[in-house]
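Peer 1: Following this message is one structure expressed as structure tokens.
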Number of protein chains: 2
Amino acid sequence: MNDKNIPDIVIGRLPVYLRSLQRMEQEGRQVTSSQELGERLGISAAQIRKDLSQFGEFGKQGTGYNIEYLSNQLLEILHIDRTWDVVIVGAGDIGSALATYNGFSHRGFRVVGIFDNDPDKVGDKVGDYVVANTSDIEEQIQANNIQVAMLAVPAGNAQAVASELIDAGVRAILNYAPVSLNVPPDVRVQYIDPAIHLQRMTYYLD
Amino acid sequence: MNDKNIPDIVIGRLPVYLRSLQRMEQEGRQVTSSQELGERLGISAAQIRKDLSQFGEFGKQGTGYNIEYLSNQLLEILHIDRTWDVVIVGAGDIGSALATYNGFSHRGFRVVGIFDNDPDKVGDKVGDYVVANTSDIEEQIQANNIQVAMLAVPAGNAQAVASELIDAGVRAILNYAPVSLNVPPDVRVQYIDPAIHLQRMTYYLD
DNA sequence: TAGATTGTTAATCGATTAACAATC
DNA sequence: TAGATTGTTAATCGATTAACAATC
């Protein structure tokens with residue numbers, strides 16, 4: 001019922017809608033409209049209505065969308081009406097910052113472990129975690145049915161580690177390593193590389 | 001000559017091409033083809049050729065692209081044939097990780113300062129920097145003609161800080177705060193929010 | 001009822017791909 | 001020359017927008 005092949009670009013906007021709705025909820029707001037949401041986000045109202053209409057009819061003519069209701073619907077659609085266990089691979093600066101980041105727990109994710117292959121780091125404390133050896137990661141992933149990983153290893157190791165994670169059962173990778181990954185079609189990858197994002201903007205500067 | 005209104009989505013791919021080319025260069029390679037590059041990146045060869053053709057003719061029929069030459073062309077196109085000074089606003093976990101990240105210097109950027117409005121943090125050492133007071137940032141931006149900022153403040157402050165930065169002269173913002181920013185049309189924003197990226201992938205999991 | 005806003009259709013706009021002549 | 005690969009055109013595909021009947 002859900003799936004009639006929604007474009008990925010639509011899926012990519014839903015978390016942004018959700019984030020904005022949750023903020024409105026915090027502000028004590030009850031109702032919003034596609035127009036208001038669009039103005040906040042810099043997206044056309046028509047696009048927001050079109051995106052949402054892919055999944056159902058969540059609004060009311062004349063009044064708009066109930067914020068709490070729509071938030072809950074988006075949580076369900078995005079499968080974050082549950083908590084996903086996540087592993088971090090790489091206990092360098094980036095991995096450590098991710099391990100101590102407190103923005104995940106409210107938003108559907110729980111970090112359950114951080115791994116590194118450097119014997120000097122294994123056993124170190126990072127936030128609430130003790131760095132474990134990467135050689136133990138497959139076991140952990142399988143024992144806890146973990147499908148989501150954040151990858152923060154050096155570029156040279158990233159493909160090999162990603163492949164191991166995938167073999168062990170991971171299906172979604174947030175990749176901080178500055179390299180493109182080759183993965184099977186049923187595995188999702190998102191890329192975060194601050195230099196890439198900056199380079200995309202300097203084109204417009206002079 | 002450069003500008004005949006290139007789609008932003010094309011601009012977004014160029015840094016990815018560049019990163020891959022630079023890696024090939026490191027591997028000692030001299031020449032590549034749109035096909036090889038496409039396989040590495042999971043992009044069609046036709047698209048790569050089309051993208052590049054927006055800016056000139058960089059290849060040779062029968063042989064492909066000289067890696068060093070094409071890299072240099074992309075550096076020029078993206079305006080990273082120079083170094084951009086960048087400020088970090090927010091000296092929390094994310095700002096601190098950015099300040100100690102060593103991936104910027106090779107790729108066209110130099111962090112010149114980190115700022116926070118928390119008196120407890122001002123004066124602290126973070127990597128090679130001493131945290132300065134956010135109230136001094138406008139002066140710094142103007143004195144050094146800084147056009148690029150990374151924003152790592154709490155969501156509630158982000159819009160206000162962004163507006164100040166823009167007033168002071170910033171034209172490109174890499175925003176780590178989990179909130180959409182409203183900016184004038186001549187200012188570029190890129191968003192990094194790990195939770196958003198993860199939520200975009202869980203849709204496909206079950 | 002009058003005003004507002006949805007969900008949806010059709011039109012427009014833009015991006016990707018396939019194909020191939022040119023040529024190294 | 002034969003083989004490979006570019007740059008580009010035209011065709012296809014997909015996404016966005018404008019408009020409006022439905023209706024709260």
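Following the order of the structure tokens, first chain is A, next is B, and so on, with residues numbered from 1 inside each chain and ligands from 1 in the order they appear.
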I'd like the neighbourhood of Arg107 in chain B as a list of chain:residue names, where a residue qualifies if any of its atoms comes within 8 Å (using only C-alpha atoms (C1' of nucleotides)), though same-chain residues fewer than 3 positions away should be ignored.
Peer 2: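 Counting only the stated atoms, we get A:Ala195, B:Ile80, B:Gly103, B:Phe104.
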Peer 1: Dump as a list in words the residues of chain A that approach chain B to within 6 Å, counting only C-alpha atoms.
Peer 2: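 Therefore, the residues near the partner are Gly12, Pro15, Leu41, Leu78, His79, Ser180, Ile196, Arg200, Thr202 and Tyr203 of chain A.
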Peer 1: Go through D:DT23, D:DA18, D:DT12, D:DT5 and flag the residue nearest Gln61 in chain B, using only C-alpha atoms (C1' of nucleotides) for the distances.
Peer 2: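 Looking only at the distances to Gln61 in chain B, the closest residue turns out to be D:DT5.
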Peer 1: Could the residues of chain B that have an atom at most 9 Å from chain D be listed as a tab-separated table, each with its closest atom pair and the distance in Å to one decimal, counting only C-alpha atoms (C1' of nucleotides) and ordered by chain and ascending residue number?
Peer 2:
```
residue	atom	partner	partner_atom	distance
B:Ser33	CA	D:DT5	C1'	7.6
B:Ser34	CA	D:DT5	C1'	8.5
B:Arg49	CA	D:DG7	C1'	7.4
B:Lys50	CA	D:DG7	C1'	7.8
B:Ser53	CA	D:DG7	C1'	6.8
B:Glu57	CA	D:DG7	C1'	7.4
B:Gly59	CA	D:DT6	C1'	6.3
B:Lys60	CA	D:DT6	C1'	5.9
B:Gln61	CA	D:DT6	C1'	4.2
B:Gly62	CA	D:DT5	C1'	4.1
B:Thr63	CA	D:DT5	C1'	6.0
B:Gly64	CA	D:DT5	C1'	6.0
```
Peer 1: Write out as a count of residues only all residues of range 108-168 of chain A that backbone DSSP assigns to strand (DSSP E or B).
Peer 2: 18
